[in-house]
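> Next comes coords-v3.cif, mmCIF, C-alpha atoms:
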data_entry
loop_
_atom_site.label_atom_id
_atom_site.label_comp_id
_atom_site.auth_asym_id
_atom_site.auth_seq_id
_atom_site.Cartn_x
_atom_site.Cartn_y
_atom_site.Cartn_z
CA MET A 1424 145.54 103.05 85.48
CA VAL A 1425 143.34 100.00 85.10
CA SER A 1426 141.76 98.79 88.35
CA ASP A 1427 143.07 95.58 89.88
CA ARG A 1428 139.52 94.28 89.44
CA CYS A 1429 140.36 93.94 85.76
CA LEU A 1430 142.97 91.25 86.38
CA LEU A 1431 142.47 88.20 84.21
CA ARG A 1432 139.80 85.85 85.51
CA VAL A 1433 138.65 83.87 82.51
CA PRO A 1434 137.82 80.26 81.69
CA THR A 1435 140.37 77.86 80.30
CA PRO A 1436 140.25 77.15 76.55
CA PRO A 1437 138.61 73.74 77.18
CA ALA A 1438 135.80 75.51 79.02
CA VAL A 1439 135.23 77.83 76.09
CA LEU A 1440 135.35 74.93 73.63
CA GLY A 1441 132.88 73.06 75.82
CA GLY A 1442 130.51 76.02 75.61
CA VAL A 1443 130.79 76.11 71.84
CA ALA A 1444 130.17 72.36 71.67
CA LEU A 1445 127.05 72.74 73.81
CA CYS A 1446 125.73 75.46 71.52
CA VAL A 1447 126.28 73.19 68.52
CA ALA A 1448 124.41 70.41 70.34
CA MET A 1449 121.50 72.76 71.02
CA TRP A 1450 121.46 73.73 67.35
CA ILE A 1451 121.30 70.08 66.31
CA LEU A 1452 118.44 69.54 68.75
CA ALA A 1453 116.51 72.47 67.31
CA VAL A 1454 116.87 71.53 63.66
CA SER A 1455 116.33 67.82 64.15
CA GLY A 1456 112.83 68.16 65.58
CA ALA A 1457 113.85 66.02 68.55
CA GLN A 1458 112.19 68.47 70.93
CA ALA A 1459 108.69 67.48 69.75
CA ASP A 1460 108.17 64.74 72.33
CA GLY A 1461 111.43 64.94 74.20
CA LEU A 1462 112.87 66.36 77.36
CA ASP A 1463 112.84 69.90 76.01
CA THR A 1464 109.06 69.94 75.58
CA ARG A 1465 108.44 68.21 78.91
CA LEU A 1466 110.53 70.81 80.72
CA TYR A 1467 108.78 73.57 78.80
CA ARG A 1468 105.37 72.31 79.89
CA LEU A 1469 106.57 71.93 83.47
CA VAL A 1470 107.54 75.60 83.62
CA ARG A 1471 104.92 77.05 81.29
CA GLU A 1472 101.90 75.10 82.47
CA ASP A 1473 102.47 73.17 85.68
CA ALA A 1474 104.26 75.97 87.55
CA GLN A 1475 101.75 78.70 86.75
CA THR A 1476 100.46 80.80 89.63
CA SER A 1477 98.81 84.20 89.74
CA ALA A 1478 101.85 85.64 91.54
CA LEU A 1479 104.23 84.40 88.85
CA ASP A 1480 101.86 85.61 86.14
CA ARG A 1481 102.34 89.11 87.54
CA ALA A 1482 106.05 88.83 88.30
CA MET A 1483 107.45 87.16 85.18
CA PRO A 1484 106.63 89.95 82.70
CA VAL A 1485 108.55 92.32 84.98
CA VAL A 1486 111.49 89.96 85.43
CA THR A 1487 111.78 89.32 81.70
CA GLU A 1488 112.21 93.06 81.02
CA PHE A 1489 115.54 92.98 82.86
CA GLY A 1490 116.87 90.92 79.95
CA ALA A 1491 115.57 93.19 77.19
CA GLY A 1492 118.38 94.53 75.04
CA TYR A 1493 117.33 98.15 75.38
CA ASN A 1494 117.37 97.89 79.18
CA ILE A 1495 120.75 96.15 79.38
CA ILE A 1496 122.42 98.45 76.87
CA GLY A 1497 120.77 101.46 78.47
CA LEU A 1498 122.10 100.46 81.89
CA ALA A 1499 125.63 100.05 80.52
CA LEU A 1500 125.47 103.39 78.71
CA LEU A 1501 124.18 105.07 81.86
CA GLY A 1502 127.23 103.81 83.76
CA VAL A 1503 129.54 105.06 81.00
CA ALA A 1504 127.92 108.47 80.80
CA LEU A 1505 127.16 109.29 84.41
CA GLY A 1506 129.11 106.93 86.66
CA SER A 1507 132.33 107.26 88.58
CA ASP A 1508 135.56 106.20 86.89
CA ASP A 1509 135.09 102.68 88.24
CA GLN A 1510 131.47 102.54 87.07
CA ARG A 1511 132.43 103.89 83.65
CA ARG A 1512 134.98 101.11 83.23
CA THR A 1513 132.39 98.58 84.28
CA GLY A 1514 129.91 100.06 81.81
CA VAL A 1515 132.40 99.83 78.95
CA LEU A 1516 133.17 96.18 79.68
CA ALA A 1517 129.49 95.33 80.13
CA LEU A 1518 128.56 97.05 76.87
CA SER A 1519 131.37 95.28 74.99
CA SER A 1520 130.30 91.91 76.38
CA VAL A 1521 126.60 92.40 75.66
CA LEU A 1522 127.14 93.63 72.11
CA ALA A 1523 129.57 90.84 71.22
CA SER A 1524 127.38 88.08 72.63
CA GLY A 1525 124.31 89.67 71.07
CA ALA A 1526 125.95 89.54 67.64
CA VAL A 1527 126.63 85.81 68.07
CA THR A 1528 123.06 85.17 69.16
CA ALA A 1529 121.54 87.18 66.30
CA THR A 1530 123.60 85.20 63.79
CA LEU A 1531 122.53 81.88 65.30
CA LYS A 1532 118.86 82.91 65.43
CA ASP A 1533 118.85 83.42 61.68
CA ALA A 1534 120.88 80.27 61.01
CA VAL A 1535 118.76 77.97 63.18
CA GLY A 1536 115.32 79.42 62.39
CA ARG A 1537 113.55 77.66 65.23
CA SER A 1538 109.86 78.51 65.78
CA ARG A 1539 108.80 79.87 69.14
CA PRO A 1540 106.78 77.53 71.34
CA ASP A 1541 103.93 80.01 71.79
CA GLY A 1542 102.94 79.59 68.14
CA THR A 1543 103.72 83.12 66.99
CA ASN A 1544 104.96 83.50 63.43
CA ASP A 1545 108.55 84.00 64.55
CA HIS A 1546 111.43 81.68 63.74
CA ARG A 1547 114.05 83.26 66.02
CA SER A 1548 113.60 81.21 69.16
CA MET A 1549 117.06 79.62 69.36
CA PRO A 1550 118.99 80.95 71.21
CA SER A 1551 117.23 83.31 73.64
CA GLY A 1552 118.42 86.89 73.20
CA HIS A 1553 117.13 88.04 76.59
CA THR A 1554 119.00 85.21 78.29
CA THR A 1555 122.17 85.89 76.31
CA GLY A 1556 122.14 89.53 77.34
CA ALA A 1557 121.36 88.79 80.97
CA PHE A 1558 124.22 86.29 81.30
CA ALA A 1559 126.65 88.50 79.39
CA LEU A 1560 125.86 91.35 81.77
CA ALA A 1561 126.09 89.10 84.84
CA THR A 1562 129.48 87.81 83.69
CA ALA A 1563 130.86 91.30 83.07
CA LEU A 1564 129.58 92.59 86.41
CA SER A 1565 130.92 89.53 88.22
CA HIS A 1566 134.33 90.14 86.64
CA ARG A 1567 134.37 93.62 88.14
CA TYR A 1568 132.58 92.88 91.41
CA PRO A 1569 133.15 89.18 92.21
CA GLU A 1570 131.69 89.53 95.70
CA TRP A 1571 128.28 90.10 94.04
CA ARG A 1572 128.56 87.17 91.62
CA LEU A 1573 125.71 85.15 93.15
CA PRO A 1574 122.97 87.82 92.89
CA PHE A 1575 124.14 88.80 89.40
CA TYR A 1576 123.79 85.24 88.14
CA LEU A 1577 120.56 84.61 90.06
CA GLY A 1578 119.09 87.60 88.25
CA ALA A 1579 120.19 86.14 84.92
CA VAL A 1580 118.64 82.77 85.80
CA GLY A 1581 115.42 84.58 86.66
CA VAL A 1582 115.35 86.14 83.20
CA ALA A 1583 115.98 82.73 81.60
CA VAL A 1584 113.14 81.09 83.54
CA SER A 1585 110.81 83.98 82.69
CA ARG A 1586 111.35 83.44 78.97
CA VAL A 1587 110.15 79.84 79.26
CA TYR A 1588 107.34 80.72 81.66
CA LEU A 1589 106.02 83.34 79.23
CA GLY A 1590 106.06 80.84 76.37
CA ARG A 1591 108.69 82.63 74.31
CA HIS A 1592 111.39 79.95 74.45
CA TYR A 1593 112.08 76.28 75.01
CA PRO A 1594 114.48 75.42 77.86
CA SER A 1595 117.23 74.57 75.37
CA ASP A 1596 116.88 78.08 73.88
CA VAL A 1597 117.64 79.71 77.21
CA LEU A 1598 120.39 77.21 77.98
CA ALA A 1599 122.09 78.09 74.70
CA GLY A 1600 121.66 81.78 75.46
CA ALA A 1601 123.23 81.35 78.90
CA VAL A 1602 126.22 79.52 77.43
CA ILE A 1603 126.73 82.11 74.70
CA GLY A 1604 126.32 85.08 77.02
CA THR A 1605 128.76 83.68 79.57
CA SER A 1606 131.34 82.30 77.14
CA VAL A 1607 131.48 85.27 74.77
CA SER A 1608 131.56 87.72 77.66
CA ARG A 1609 134.47 85.88 79.22
CA LEU A 1610 136.31 85.89 75.90
CA VAL A 1611 135.76 89.65 75.65
CA LEU A 1612 137.02 90.09 79.20
CA THR A 1613 140.33 88.47 78.31
CA GLN A 1614 140.96 91.77 76.52
CA ASP A 1615 139.71 93.98 79.35
CA ALA A 1616 142.94 95.96 79.69
CA ALA A 1617 143.05 96.70 75.96
CA ILE A 1618 139.36 97.67 75.89
CA LEU A 1619 139.73 100.01 78.84
CA SER A 1620 142.93 101.60 77.57
CA PHE A 1621 141.23 102.28 74.24
CA ALA A 1622 138.12 103.69 75.88
CA PHE A 1623 139.91 105.84 78.41
#
What's the structure tokens form of this structure?

Amino acid sequence: MVSDRCLLRVPTPPAVLGGVALCVAMWILAVSGAQADGLDTRLYRLVREDAQTSALDRAMPVVTEFGAGYNIIGLALLGVALGSDDQRRTGVLALSSVLASGAVTATLKDAVGRSRPDGTNDHRSMPSGHTTGAFALATALSHRYPEWRLPFYLGAVGVAVSRVYLGRHYPSDVLAGAVIGTSVSRLVLTQDAAILSFAF
């Protein structure tokens, strides 16, 4: 029997459409070159340059690893393989959410082709994959354990900030990743009963 934690708690269609519209707006920003002297670059410099401290220099590389795909997927698989029945269900939903949102992000990265702000020869800056994964995981975990929603999302925000601080993304990249991770995860969770019945 599916836990009562799997009862439907998803955004309204307008909320989902709003998320899609925001992602489109971020795409337009990236391809138009408007970030060159705009708000995006000013926010980037504020986080990347003005906020630098030795403590954050040590902490941010650790924080950013929590959003790495191999860590998020590994955590979900660990819950599926070794957890209690409740943890296995959570792992299945988290894995489904992360993989679905990751597929959307990978497609957009190739379509947008935005260069990273740190100058590396990489044109996959928009949207942020680490941020997408972190917010997809936070959304799935919050669906199962709503009493822990705040720390889950604070962790995801920490990953997003770390990506800007480390020079790997513009703020709009992580904003787009947060929207995609949250929106796609919530869409996946509308089918939680079907996913869990198939898996178990």
> Between atom CA of A:Thr1555 and atom CA of A:Gly1506, what distance in Å does the model show, to one decimal?
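Taking atom CA of A:Thr1555 and atom CA of A:Gly1506, their separation equals 24.5 Å.
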> Which neighbours of A:Pro1540 fall inside 7 Å, counting all atoms listed in the file, when residues of the same chain fewer than 2 positions from it are skipped, and could you give them as an NGL selection string?
:A and (1538 or 1542 or 1590-1593)
> Where does stretch 1538-1611 of chain A meet stretch 1519-1528 of chain A within 9 Å, residue by residue, with the nearest atom pair and distance in Å to one decimal for each, counting only C-alpha atoms, listed by chain and rising number, as JSON lines?

{"residue": "A:Met1549", "atom": "CA", "partner": "A:Thr1528", "partner_atom": "CA", "distance": 8.2}
{"residue": "A:Pro1550", "atom": "CA", "partner": "A:Thr1528", "partner_atom": "CA", "distance": 6.2}
{"residue": "A:Ser1551", "atom": "CA", "partner": "A:Thr1528", "partner_atom": "CA", "distance": 7.6}
{"residue": "A:Gly1552", "atom": "CA", "partner": "A:Thr1528", "partner_atom": "CA", "distance": 6.4}
{"residue": "A:Thr1555", "atom": "CA", "partner": "A:Ser1524", "partner_atom": "CA", "distance": 6.7}
{"residue": "A:Gly1556", "atom": "CA", "partner": "A:Val1521", "partner_atom": "CA", "distance": 5.6}
{"residue": "A:Ala1557", "atom": "CA", "partner": "A:Val1521", "partner_atom": "CA", "distance": 8.3}
{"residue": "A:Phe1558", "atom": "CA", "partner": "A:Val1521", "partner_atom": "CA", "distance": 8.6}
{"residue": "A:Ala1559", "atom": "CA", "partner": "A:Val1521", "partner_atom": "CA", "distance": 5.4}
{"residue": "A:Leu1560", "atom": "CA", "partner": "A:Val1521", "partner_atom": "CA", "distance": 6.2}
{"residue": "A:Thr1562", "atom": "CA", "partner": "A:Ser1520", "partner_atom": "CA", "distance": 8.4}
{"residue": "A:Ala1563", "atom": "CA", "partner": "A:Ser1520", "partner_atom": "CA", "distance": 6.7}
{"residue": "A:Gly1600", "atom": "CA", "partner": "A:Thr1528", "partner_atom": "CA", "distance": 7.3}
{"residue": "A:Ile1603", "atom": "CA", "partner": "A:Ser1524", "partner_atom": "CA", "distance": 6.4}
{"residue": "A:Gly1604", "atom": "CA", "partner": "A:Ser1524", "partner_atom": "CA", "distance": 5.4}
{"residue": "A:Thr1605", "atom": "CA", "partner": "A:Ser1524", "partner_atom": "CA", "distance": 8.3}
{"residue": "A:Ser1606", "atom": "CA", "partner": "A:Ser1524", "partner_atom": "CA", "distance": 8.3}
{"residue": "A:Val1607", "atom": "CA", "partner": "A:Ser1524", "partner_atom": "CA", "distance": 5.4}
{"residue": "A:Ser1608", "atom": "CA", "partner": "A:Ser1520", "partner_atom": "CA", "distance": 4.6}
{"residue": "A:Arg1609", "atom": "CA", "partner": "A:Ser1520", "partner_atom": "CA", "distance": 7.9}
{"residue": "A:Leu1610", "atom": "CA", "partner": "A:Ser1520", "partner_atom": "CA", "distance": 8.5}
{"residue": "A:Val1611", "atom": "CA", "partner": "A:Ser1520", "partner_atom": "CA", "distance": 6.0}
> Find the residues around A:Gly1502 up to 6 Å (only C-alpha atoms counted), leave out those fewer than 6 positions away in its own chain, and share them as a PyMOL selection string.
chain A and resi 1510-1511+1514
> Write a file of the selected residues as an mmCIF file, keeping the file's coordinate frame, keeping C-alpha atoms.

data_model
loop_
_atom_site.group_PDB
_atom_site.id
_atom_site.type_symbol
_atom_site.label_atom_id
_atom_site.label_comp_id
_atom_site.auth_asym_id
_atom_site.auth_seq_id
_atom_site.Cartn_x
_atom_site.Cartn_y
_atom_site.Cartn_z
ATOM 1 C CA GLN A 1510 131.470 102.540 87.070
ATOM 2 C CA ARG A 1511 132.430 103.890 83.650
ATOM 3 C CA GLY A 1514 129.910 100.060 81.810
#
> Starting from the displayed file, determine the output of the PyMOL selection byres ((chain A and resi 1468) around 12) and express the residue list as number ranges by chain.
A: 1458-1467, 1469-1475, 1540-1541, 1587-1590, 1592-1594
